[in-house]
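Q: Structure: coords_26.cif, mmCIF, N, CA and C atoms.
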```cif
data_start
#
loop_
_atom_site.group_PDB
_atom_site.id
_atom_site.type_symbol
_atom_site.label_atom_id
_atom_site.label_comp_id
_atom_site.auth_asym_id
_atom_site.auth_seq_id
_atom_site.Cartn_x
_atom_site.Cartn_y
_atom_site.Cartn_z
ATOM 1 N N MET A 1 6.698 -6.546 14.227
ATOM 2 C CA MET A 1 5.272 -6.470 14.523
ATOM 3 C C MET A 1 4.651 -5.301 13.753
ATOM 4 N N PHE A 2 3.447 -5.510 13.257
ATOM 5 C CA PHE A 2 2.744 -4.447 12.543
ATOM 6 C C PHE A 2 2.291 -3.354 13.497
ATOM 7 N N SER A 3 2.429 -2.133 13.055
ATOM 8 C CA SER A 3 1.863 -1.042 13.830
ATOM 9 C C SER A 3 0.359 -1.009 13.561
ATOM 10 N N GLU A 4 -0.333 -0.211 14.343
ATOM 11 C CA GLU A 4 -1.782 -0.108 14.203
ATOM 12 C C GLU A 4 -2.183 0.355 12.798
ATOM 13 N N ASN A 5 -1.436 1.307 12.241
ATOM 14 C CA ASN A 5 -1.745 1.815 10.916
ATOM 15 C C ASN A 5 -1.548 0.765 9.825
ATOM 16 N N ARG A 6 -0.570 -0.071 10.005
ATOM 17 C CA ARG A 6 -0.336 -1.112 8.994
ATOM 18 C C ARG A 6 -1.445 -2.156 9.018
ATOM 19 N N TRP A 7 -1.982 -2.453 10.196
ATOM 20 C CA TRP A 7 -3.114 -3.374 10.287
ATOM 21 C C TRP A 7 -4.325 -2.794 9.564
ATOM 22 N N LEU A 8 -4.546 -1.498 9.704
ATOM 23 C CA LEU A 8 -5.650 -0.845 9.012
ATOM 24 C C LEU A 8 -5.466 -0.949 7.499
ATOM 25 N N LEU A 9 -4.265 -0.714 7.040
ATOM 26 C CA LEU A 9 -3.970 -0.818 5.616
ATOM 27 C C LEU A 9 -4.189 -2.248 5.113
ATOM 28 N N LEU A 10 -3.740 -3.227 5.885
ATOM 29 C CA LEU A 10 -3.931 -4.632 5.513
ATOM 30 C C LEU A 10 -5.418 -4.987 5.493
ATOM 31 N N LEU A 11 -6.158 -4.502 6.474
ATOM 32 C CA LEU A 11 -7.595 -4.749 6.529
ATOM 33 C C LEU A 11 -8.304 -4.134 5.324
ATOM 34 N N LEU A 12 -7.939 -2.920 4.951
ATOM 35 C CA LEU A 12 -8.518 -2.268 3.771
ATOM 36 C C LEU A 12 -8.194 -3.047 2.501
ATOM 37 N N LEU A 13 -6.977 -3.524 2.389
ATOM 38 C CA LEU A 13 -6.570 -4.296 1.218
ATOM 39 C C LEU A 13 -7.391 -5.576 1.088
ATOM 40 N N VAL A 14 -7.541 -6.299 2.184
ATOM 41 C CA VAL A 14 -8.328 -7.538 2.170
ATOM 42 C C VAL A 14 -9.780 -7.231 1.832
ATOM 43 N N TYR A 15 -10.323 -6.150 2.393
ATOM 44 C CA TYR A 15 -11.702 -5.771 2.112
ATOM 45 C C TYR A 15 -11.896 -5.458 0.626
ATOM 46 N N PHE A 16 -11.020 -4.632 0.062
ATOM 47 C CA PHE A 16 -11.179 -4.247 -1.339
ATOM 48 C C PHE A 16 -10.965 -5.426 -2.288
ATOM 49 N N LEU A 17 -10.076 -6.323 -1.952
ATOM 50 C CA LEU A 17 -9.916 -7.527 -2.777
ATOM 51 C C LEU A 17 -11.168 -8.386 -2.723
ATOM 52 N N SER A 18 -11.748 -8.529 -1.539
ATOM 53 C CA SER A 18 -12.958 -9.342 -1.380
ATOM 54 C C SER A 18 -14.147 -8.740 -2.123
ATOM 55 N N ILE A 19 -14.391 -7.454 -1.938
ATOM 56 C CA ILE A 19 -15.544 -6.820 -2.589
ATOM 57 C C ILE A 19 -15.332 -6.743 -4.099
ATOM 58 N N SER A 20 -14.084 -6.635 -4.520
ATOM 59 C CA SER A 20 -13.789 -6.629 -5.956
ATOM 60 C C SER A 20 -14.097 -7.984 -6.578
ATOM 61 N N PHE A 21 -13.700 -9.038 -5.902
ATOM 62 C CA PHE A 21 -13.992 -10.390 -6.399
ATOM 63 C C PHE A 21 -15.502 -10.609 -6.454
ATOM 64 N N TYR A 22 -16.209 -10.195 -5.404
ATOM 65 C CA TYR A 22 -17.666 -10.338 -5.350
ATOM 66 C C TYR A 22 -18.328 -9.561 -6.486
ATOM 67 N N SER A 23 -17.882 -8.344 -6.727
ATOM 68 C CA SER A 23 -18.460 -7.502 -7.786
ATOM 69 C C SER A 23 -18.226 -8.105 -9.166
ATOM 70 N N ALA A 24 -17.035 -8.613 -9.394
ATOM 71 C CA ALA A 24 -16.737 -9.247 -10.678
ATOM 72 C C ALA A 24 -17.589 -10.504 -10.865
ATOM 73 N N ALA A 25 -17.752 -11.280 -9.793
ATOM 74 C CA ALA A 25 -18.572 -12.489 -9.865
ATOM 75 C C ALA A 25 -20.034 -12.143 -10.142
ATOM 76 N N LEU A 26 -20.548 -11.090 -9.504
ATOM 77 C CA LEU A 26 -21.920 -10.643 -9.765
ATOM 78 C C LEU A 26 -22.103 -10.267 -11.232
ATOM 79 N N THR A 27 -21.133 -9.545 -11.764
ATOM 80 C CA THR A 27 -21.200 -9.095 -13.152
ATOM 81 C C THR A 27 -21.198 -10.283 -14.106
ATOM 82 N N CYS A 28 -20.320 -11.238 -13.865
ATOM 83 C CA CYS A 28 -20.261 -12.430 -14.720
ATOM 84 C C CYS A 28 -21.542 -13.250 -14.614
ATOM 85 N N THR A 29 -22.080 -13.352 -13.413
ATOM 86 C CA THR A 29 -23.324 -14.088 -13.216
ATOM 87 C C THR A 29 -24.467 -13.408 -13.954
ATOM 88 N N ASP A 30 -24.548 -12.085 -13.881
ATOM 89 C CA ASP A 30 -25.597 -11.356 -14.584
ATOM 90 C C ASP A 30 -25.473 -11.541 -16.088
ATOM 91 N N LYS A 31 -24.269 -11.543 -16.589
ATOM 92 C CA LYS A 31 -24.050 -11.759 -18.028
ATOM 93 C C LYS A 31 -24.523 -13.158 -18.427
ATOM 94 N N ARG A 32 -24.153 -14.153 -17.623
ATOM 95 C CA ARG A 32 -24.556 -15.522 -17.927
ATOM 96 C C ARG A 32 -26.082 -15.662 -17.900
ATOM 97 N N LEU A 33 -26.731 -15.029 -16.922
ATOM 98 C CA LEU A 33 -28.192 -15.061 -16.842
ATOM 99 C C LEU A 33 -28.831 -14.344 -18.029
ATOM 100 N N ALA A 34 -28.206 -13.257 -18.481
ATOM 101 C CA ALA A 34 -28.728 -12.519 -19.628
ATOM 102 C C ALA A 34 -28.667 -13.373 -20.892
ATOM 103 N N VAL A 35 -27.580 -14.082 -21.065
ATOM 104 C CA VAL A 35 -27.414 -14.930 -22.250
ATOM 105 C C VAL A 35 -28.411 -16.087 -22.231
ATOM 106 N N LYS A 36 -28.628 -16.673 -21.039
ATOM 107 C CA LYS A 36 -29.519 -17.828 -20.922
ATOM 108 C C LYS A 36 -30.982 -17.431 -20.767
ATOM 109 N N GLY A 37 -31.269 -16.147 -20.635
ATOM 110 C CA GLY A 37 -32.650 -15.705 -20.491
ATOM 111 C C GLY A 37 -33.205 -15.912 -19.096
ATOM 112 N N GLY A 38 -32.327 -16.036 -18.114
ATOM 113 C CA GLY A 38 -32.764 -16.263 -16.737
ATOM 114 C C GLY A 38 -33.121 -14.962 -16.029
ATOM 115 N N ARG A 39 -33.505 -15.098 -14.780
ATOM 116 C CA ARG A 39 -33.839 -13.934 -13.975
ATOM 117 C C ARG A 39 -32.562 -13.184 -13.625
ATOM 118 N N ARG A 40 -32.519 -11.904 -13.942
ATOM 119 C CA ARG A 40 -31.309 -11.091 -13.836
ATOM 120 C C ARG A 40 -31.071 -10.578 -12.425
ATOM 121 N N ILE A 41 -29.848 -10.157 -12.188
ATOM 122 C CA ILE A 41 -29.482 -9.518 -10.931
ATOM 123 C C ILE A 41 -29.946 -8.064 -11.013
ATOM 124 N N PRO A 42 -30.673 -7.586 -10.004
ATOM 125 C CA PRO A 42 -31.168 -6.206 -10.043
ATOM 126 C C PRO A 42 -30.028 -5.185 -10.127
ATOM 127 N N GLU A 43 -30.261 -4.095 -10.859
ATOM 128 C CA GLU A 43 -29.247 -3.052 -10.985
ATOM 129 C C GLU A 43 -28.886 -2.459 -9.628
ATOM 130 N N LYS A 44 -29.853 -2.400 -8.710
ATOM 131 C CA LYS A 44 -29.574 -1.887 -7.364
ATOM 132 C C LYS A 44 -28.499 -2.720 -6.684
ATOM 133 N N LYS A 45 -28.542 -4.017 -6.873
ATOM 134 C CA LYS A 45 -27.543 -4.891 -6.258
ATOM 135 C C LYS A 45 -26.173 -4.689 -6.907
ATOM 136 N N LEU A 46 -26.158 -4.535 -8.223
ATOM 137 C CA LEU A 46 -24.897 -4.294 -8.918
ATOM 138 C C LEU A 46 -24.280 -2.959 -8.470
ATOM 139 N N PHE A 47 -25.095 -1.910 -8.446
ATOM 140 C CA PHE A 47 -24.578 -0.615 -8.005
ATOM 141 C C PHE A 47 -24.215 -0.635 -6.524
ATOM 142 N N GLY A 48 -24.953 -1.390 -5.727
ATOM 143 C CA GLY A 48 -24.619 -1.512 -4.305
ATOM 144 C C GLY A 48 -23.237 -2.104 -4.101
ATOM 145 N N ALA A 49 -22.927 -3.146 -4.846
ATOM 146 C CA ALA A 49 -21.594 -3.757 -4.752
ATOM 147 C C ALA A 49 -20.517 -2.778 -5.206
ATOM 148 N N ALA A 50 -20.832 -2.001 -6.235
ATOM 149 C CA ALA A 50 -19.872 -0.999 -6.718
ATOM 150 C C ALA A 50 -19.651 0.077 -5.657
ATOM 151 N N LEU A 51 -20.721 0.519 -5.027
ATOM 152 C CA LEU A 51 -20.605 1.554 -3.991
ATOM 153 C C LEU A 51 -19.844 1.073 -2.766
ATOM 154 N N LEU A 52 -19.921 -0.215 -2.493
ATOM 155 C CA LEU A 52 -19.205 -0.762 -1.339
ATOM 156 C C LEU A 52 -17.711 -0.950 -1.605
ATOM 157 N N GLY A 53 -17.269 -0.646 -2.817
ATOM 158 C CA GLY A 53 -15.842 -0.713 -3.105
ATOM 159 C C GLY A 53 -15.471 -1.547 -4.315
ATOM 160 N N GLY A 54 -16.449 -2.136 -4.968
ATOM 161 C CA GLY A 54 -16.144 -2.997 -6.109
ATOM 162 C C GLY A 54 -16.302 -2.328 -7.458
ATOM 163 N N GLY A 55 -16.338 -1.015 -7.485
ATOM 164 C CA GLY A 55 -16.564 -0.282 -8.730
ATOM 165 C C GLY A 55 -15.523 -0.548 -9.798
ATOM 166 N N ALA A 56 -14.266 -0.557 -9.419
ATOM 167 C CA ALA A 56 -13.193 -0.760 -10.403
ATOM 168 C C ALA A 56 -13.268 -2.157 -11.012
ATOM 169 N N ALA A 57 -13.429 -3.157 -10.154
ATOM 170 C CA ALA A 57 -13.495 -4.534 -10.653
ATOM 171 C C ALA A 57 -14.713 -4.737 -11.530
ATOM 172 N N MET A 58 -15.838 -4.145 -11.140
ATOM 173 C CA MET A 58 -17.058 -4.292 -11.924
ATOM 174 C C MET A 58 -16.912 -3.619 -13.284
ATOM 175 N N TYR A 59 -16.340 -2.430 -13.313
ATOM 176 C CA TYR A 59 -16.158 -1.705 -14.575
ATOM 177 C C TYR A 59 -15.230 -2.478 -15.513
ATOM 178 N N ILE A 60 -14.116 -2.940 -14.988
ATOM 179 C CA ILE A 60 -13.160 -3.699 -15.805
ATOM 180 C C ILE A 60 -13.802 -4.987 -16.314
ATOM 181 N N THR A 61 -14.525 -5.676 -15.441
ATOM 182 C CA THR A 61 -15.182 -6.920 -15.842
ATOM 183 C C THR A 61 -16.225 -6.663 -16.922
ATOM 184 N N MET A 62 -17.014 -5.600 -16.761
ATOM 185 C CA MET A 62 -18.030 -5.276 -17.769
ATOM 186 C C MET A 62 -17.394 -4.989 -19.124
ATOM 187 N N ARG A 63 -16.252 -4.328 -19.117
ATOM 188 C CA ARG A 63 -15.558 -4.050 -20.385
ATOM 189 C C ARG A 63 -15.026 -5.330 -21.009
ATOM 190 N N ILE A 64 -14.446 -6.198 -20.198
ATOM 191 C CA ILE A 64 -13.846 -7.433 -20.712
ATOM 192 C C ILE A 64 -14.902 -8.369 -21.293
ATOM 193 N N ILE A 65 -16.018 -8.553 -20.561
ATOM 194 C CA ILE A 65 -17.025 -9.502 -21.042
ATOM 195 C C ILE A 65 -18.111 -8.828 -21.879
ATOM 196 N N ARG A 66 -17.942 -7.538 -22.125
ATOM 197 C CA ARG A 66 -18.883 -6.745 -22.928
ATOM 198 C C ARG A 66 -20.314 -6.871 -22.417
ATOM 199 N N HIS A 67 -20.466 -6.515 -21.157
ATOM 200 C CA HIS A 67 -21.773 -6.584 -20.517
ATOM 201 C C HIS A 67 -22.175 -5.201 -20.016
ATOM 202 N N LYS A 68 -23.320 -4.732 -20.434
ATOM 203 C CA LYS A 68 -23.881 -3.429 -20.061
ATOM 204 C C LYS A 68 -23.027 -2.257 -20.550
ATOM 205 N N THR A 69 -22.218 -2.469 -21.558
ATOM 206 C CA THR A 69 -21.365 -1.392 -22.064
ATOM 207 C C THR A 69 -22.155 -0.354 -22.861
ATOM 208 N N LEU A 70 -23.368 -0.663 -23.256
ATOM 209 C CA LEU A 70 -24.200 0.301 -23.961
ATOM 210 C C LEU A 70 -25.146 1.038 -23.012
ATOM 211 N N HIS A 71 -25.116 0.660 -21.745
ATOM 212 C CA HIS A 71 -25.969 1.306 -20.740
ATOM 213 C C HIS A 71 -25.223 2.503 -20.158
ATOM 214 N N LYS A 72 -25.691 3.711 -20.487
ATOM 215 C CA LYS A 72 -25.020 4.921 -20.007
ATOM 216 C C LYS A 72 -24.973 4.972 -18.491
ATOM 217 N N ARG A 73 -26.015 4.462 -17.860
ATOM 218 C CA ARG A 73 -26.059 4.470 -16.393
ATOM 219 C C ARG A 73 -24.826 3.782 -15.804
ATOM 220 N N PHE A 74 -24.396 2.703 -16.418
ATOM 221 C CA PHE A 74 -23.234 1.973 -15.913
ATOM 222 C C PHE A 74 -21.918 2.567 -16.412
ATOM 223 N N MET A 75 -21.871 2.957 -17.666
ATOM 224 C CA MET A 75 -20.612 3.449 -18.230
ATOM 225 C C MET A 75 -20.256 4.857 -17.745
ATOM 226 N N ILE A 76 -21.211 5.572 -17.205
ATOM 227 C CA ILE A 76 -20.924 6.869 -16.586
ATOM 228 C C ILE A 76 -20.901 6.718 -15.066
ATOM 229 N N GLY A 77 -21.856 5.956 -14.540
ATOM 230 C CA GLY A 77 -21.994 5.801 -13.097
ATOM 231 C C GLY A 77 -20.814 5.104 -12.443
ATOM 232 N N LEU A 78 -20.334 4.035 -13.044
ATOM 233 C CA LEU A 78 -19.220 3.309 -12.431
ATOM 234 C C LEU A 78 -17.922 4.125 -12.389
ATOM 235 N N PRO A 79 -17.530 4.807 -13.469
ATOM 236 C CA PRO A 79 -16.333 5.654 -13.350
ATOM 237 C C PRO A 79 -16.516 6.780 -12.318
ATOM 238 N N LEU A 80 -17.719 7.298 -12.202
ATOM 239 C CA LEU A 80 -17.992 8.333 -11.208
ATOM 240 C C LEU A 80 -17.842 7.770 -9.789
ATOM 241 N N ILE A 81 -18.399 6.589 -9.563
ATOM 242 C CA ILE A 81 -18.242 5.921 -8.273
ATOM 243 C C ILE A 81 -16.769 5.655 -7.998
ATOM 244 N N LEU A 82 -16.053 5.191 -9.001
ATOM 245 C CA LEU A 82 -14.622 4.899 -8.859
ATOM 246 C C LEU A 82 -13.839 6.156 -8.486
ATOM 247 N N PHE A 83 -14.174 7.282 -9.094
ATOM 248 C CA PHE A 83 -13.501 8.539 -8.777
ATOM 249 C C PHE A 83 -13.723 8.915 -7.311
ATOM 250 N N VAL A 84 -14.956 8.834 -6.860
ATOM 251 C CA VAL A 84 -15.268 9.176 -5.466
ATOM 252 C C VAL A 84 -14.549 8.227 -4.512
ATOM 253 N N GLN A 85 -14.526 6.942 -4.843
ATOM 254 C CA GLN A 85 -13.826 5.969 -4.009
ATOM 255 C C GLN A 85 -12.330 6.257 -3.938
ATOM 256 N N THR A 86 -11.746 6.630 -5.057
ATOM 257 C CA THR A 86 -10.316 6.946 -5.088
ATOM 258 C C THR A 86 -10.007 8.137 -4.188
ATOM 259 N N VAL A 87 -10.840 9.155 -4.257
ATOM 260 C CA VAL A 87 -10.657 10.328 -3.398
ATOM 261 C C VAL A 87 -10.754 9.927 -1.930
ATOM 262 N N LEU A 88 -11.740 9.100 -1.589
ATOM 263 C CA LEU A 88 -11.907 8.664 -0.205
ATOM 264 C C LEU A 88 -10.722 7.835 0.292
ATOM 265 N N VAL A 89 -10.251 6.915 -0.546
ATOM 266 C CA VAL A 89 -9.103 6.084 -0.157
ATOM 267 C C VAL A 89 -7.857 6.952 0.029
ATOM 268 N N CYS A 90 -7.638 7.900 -0.858
ATOM 269 C CA CYS A 90 -6.495 8.809 -0.712
ATOM 270 C C CYS A 90 -6.604 9.605 0.582
ATOM 271 N N PHE A 91 -7.801 10.078 0.897
ATOM 272 C CA PHE A 91 -8.010 10.818 2.135
ATOM 273 C C PHE A 91 -7.694 9.944 3.347
ATOM 274 N N ILE A 92 -8.192 8.706 3.337
ATOM 275 C CA ILE A 92 -7.937 7.792 4.455
ATOM 276 C C ILE A 92 -6.451 7.509 4.594
ATOM 277 N N LEU A 93 -5.790 7.261 3.471
ATOM 278 C CA LEU A 93 -4.345 6.979 3.527
ATOM 279 C C LEU A 93 -3.562 8.171 4.061
ATOM 280 N N ILE A 94 -3.895 9.350 3.583
ATOM 281 C CA ILE A 94 -3.179 10.544 4.027
ATOM 282 C C ILE A 94 -3.470 10.856 5.497
ATOM 283 N N LYS A 95 -4.715 10.726 5.886
ATOM 284 C CA LYS A 95 -5.134 11.108 7.238
ATOM 285 C C LYS A 95 -4.712 10.106 8.286
ATOM 286 N N PHE A 96 -4.833 8.808 8.006
ATOM 287 C CA PHE A 96 -4.665 7.815 9.048
ATOM 288 C C PHE A 96 -3.456 6.895 8.914
ATOM 289 N N VAL A 97 -2.947 6.711 7.698
ATOM 290 C CA VAL A 97 -1.908 5.710 7.518
ATOM 291 C C VAL A 97 -0.531 6.331 7.316
ATOM 292 N N ILE A 98 -0.455 7.318 6.461
ATOM 293 C CA ILE A 98 0.851 7.878 6.114
ATOM 294 C C ILE A 98 1.302 8.861 7.159
#
```
Step by step, read the file and then write its structure as C-alpha coordinates.
A:
Amino acid sequence: MFSENRWLLLLLLVYFLSISFYSAALTCTDKRLAVKGGRRIPEKKLFGAALLGGGAAMYITMRIIRHKTLHKRFMIGLPLILFVQTVLVCFILIKFVI
(Lines of atoms letter the chains of each structure in order from A and count residues from 1; the text may use other names and numbers.)
(Lines give C-alpha, C1' and ligand atoms only; values in the text may rest on other atoms or scores of the structure.)
Protein backbone atom coordinates (compact mmCIF):
# COMPACT_ATOMS: atom_id res chain seq x y z
CA MET A 1 0.00 0.00 0.00
CA PHE A 2 1.21 3.51 -0.78
CA SER A 3 2.08 5.72 2.12
CA GLU A 4 0.62 9.21 2.27
CA ASN A 5 3.83 10.74 0.92
CA ARG A 6 3.90 8.44 -2.07
CA TRP A 7 0.34 9.42 -2.99
CA LEU A 8 1.42 13.07 -2.92
CA LEU A 9 4.35 12.28 -5.19
CA LEU A 10 2.08 10.36 -7.58
CA LEU A 11 -0.43 13.22 -7.58
CA LEU A 12 2.33 15.75 -8.37
CA LEU A 13 3.61 13.55 -11.19
CA VAL A 14 0.16 13.25 -12.77
CA TYR A 15 -0.39 17.00 -12.39
CA PHE A 16 2.92 17.95 -14.02
CA LEU A 17 2.41 15.51 -16.88
CA SER A 18 -1.07 16.92 -17.49
CA ILE A 19 -0.06 20.59 -17.38
CA SER A 20 2.99 19.82 -19.52
CA PHE A 21 0.84 18.19 -22.19
CA TYR A 22 -1.59 21.14 -22.06
CA SER A 23 1.25 23.67 -22.36
CA ALA A 24 2.80 21.87 -25.32
CA ALA A 25 -0.60 21.66 -27.02
CA LEU A 26 -1.19 25.40 -26.46
CA THR A 27 2.20 26.18 -27.99
CA CYS A 28 1.57 24.01 -31.04
CA THR A 29 -1.89 25.50 -31.49
CA ASP A 30 -0.50 29.04 -31.31
CA LYS A 31 2.13 28.16 -33.91
CA ARG A 32 -0.51 26.69 -36.22
CA LEU A 33 -2.69 29.80 -35.81
CA ALA A 34 0.32 32.04 -36.50
CA VAL A 35 1.09 30.20 -39.74
CA LYS A 36 -2.55 30.29 -40.89
CA GLY A 37 -3.06 33.92 -39.86
CA GLY A 38 -5.76 33.05 -37.34
CA ARG A 39 -6.55 34.62 -34.00
CA ARG A 40 -3.63 33.87 -31.67
CA ILE A 41 -3.53 32.58 -28.13
CA PRO A 42 -2.87 35.50 -25.75
CA GLU A 43 0.60 35.62 -24.19
CA LYS A 44 -1.06 35.81 -20.76
CA LYS A 45 -2.58 32.39 -21.34
CA LEU A 46 0.73 30.93 -22.52
CA PHE A 47 2.59 32.33 -19.51
CA GLY A 48 -0.24 31.24 -17.22
CA ALA A 49 0.15 27.64 -18.35
CA ALA A 50 3.90 27.92 -17.85
CA LEU A 51 3.44 29.32 -14.34
CA LEU A 52 1.09 26.49 -13.44
CA GLY A 53 3.87 23.99 -14.12
CA GLY A 54 4.15 23.65 -17.88
CA GLY A 55 7.22 25.85 -18.32
CA ALA A 56 9.62 23.06 -19.25
CA ALA A 57 7.30 21.48 -21.80
CA MET A 58 6.46 24.85 -23.32
CA TYR A 59 10.12 25.86 -23.61
CA ILE A 60 11.13 22.56 -25.19
CA THR A 61 8.17 22.67 -27.57
CA MET A 62 8.95 26.25 -28.60
CA ARG A 63 12.53 25.25 -29.39
CA ILE A 64 11.49 22.17 -31.37
CA ILE A 65 8.84 23.89 -33.50
CA ARG A 66 10.78 27.19 -33.63
CA HIS A 67 7.97 29.27 -32.23
CA LYS A 68 8.59 32.55 -30.36
CA THR A 69 12.31 31.80 -30.18
CA LEU A 70 13.11 35.40 -31.15
CA HIS A 71 10.88 36.81 -28.40
CA LYS A 72 13.13 37.67 -25.46
CA ARG A 73 10.13 37.67 -23.15
CA PHE A 74 9.70 33.94 -23.76
CA MET A 75 13.32 32.88 -24.14
CA ILE A 76 14.27 34.55 -20.85
CA GLY A 77 10.94 34.28 -19.02
CA LEU A 78 10.38 30.57 -19.49
CA PRO A 79 13.82 29.46 -18.22
CA LEU A 80 13.33 31.81 -15.25
CA ILE A 81 9.93 30.28 -14.51
CA LEU A 82 11.45 26.81 -14.89
CA PHE A 83 14.20 27.66 -12.39
CA VAL A 84 11.69 28.87 -9.80
CA GLN A 85 9.54 25.78 -10.35
CA THR A 86 12.54 23.50 -9.91
CA VAL A 87 13.42 25.16 -6.62
CA LEU A 88 9.82 24.81 -5.42
CA VAL A 89 9.59 21.13 -6.41
CA CYS A 90 12.90 20.39 -4.68
CA PHE A 91 11.65 22.15 -1.55
CA ILE A 92 8.40 20.15 -1.60
CA LEU A 93 10.25 16.88 -2.12
CA ILE A 94 12.71 17.58 0.66
CA LYS A 95 10.13 18.93 3.10
CA PHE A 96 7.22 16.55 2.58
CA VAL A 97 8.23 13.45 0.65
CA ILE A 98 11.79 12.45 1.42
Q: Suppose a student applies the PyMOL selection byres (((chain A and resi 55-72 and name CA) around 8) and name CA) to this structure; what residues should they get, written as a ChimeraX atom specification?
A: /A:20-21,23-24,27-28,31,49-54,73-79,81-82
Q: Between atom CA of Pro42 of chain A and atom CA of Ser18 of chain A, what distance in Å does the model show, to one decimal?
A: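 Atom CA of Ser18 of chain A lies 20.4 Å from atom CA of Pro42 of chain A.
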Q: Looking only at the backbone, which of the residues in chain A does DSSP tag as helix (DSSP H, G or I), as a PyMOL selection string?
A: chain A and resi 4-36+43-65+72-97
Q: What is the atom C of Leu13 of chain A-atom CA of Phe91 of chain A distance in Å, reported with one decimal?
A: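 For atom C of Leu13 of chain A relative to atom CA of Phe91 of chain A, the distance reads 16.4 Å.
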Q: Show me, as lines of an AutoDock Vina configuration file, the centre and edge lengths in Å to one decimal of the axis-aligned box that covers every listed atom of segment 49-54 of chain A with 6 Å on each side.
A:
```
center_x = -19.2
center_y = -1.1
center_z = -4.4
size_x = 19.5
size_y = 17.3
size_z = 18.1
```
Q: Would you work out the distance separating atom N of Lys95 of chain A from atom N of Ser3 of chain A, expressed in Å to one decimal?
A: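 That distance, rounded to one decimal, is 16.4 Å.
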Q: Just checking: using only N, CA and C atoms, which residue out of A:Phe83, A:Thr29, A:Phe96, A:Val35 ends up closest to Leu9 of chain A?
A: A:Phe96
Q: May I ask which of the residues A:Leu10, A:Leu46, A:Leu93, A:Val84 is the closest one to Leu26 of chain A, counting all atoms listed in the file?
A: A:Leu46
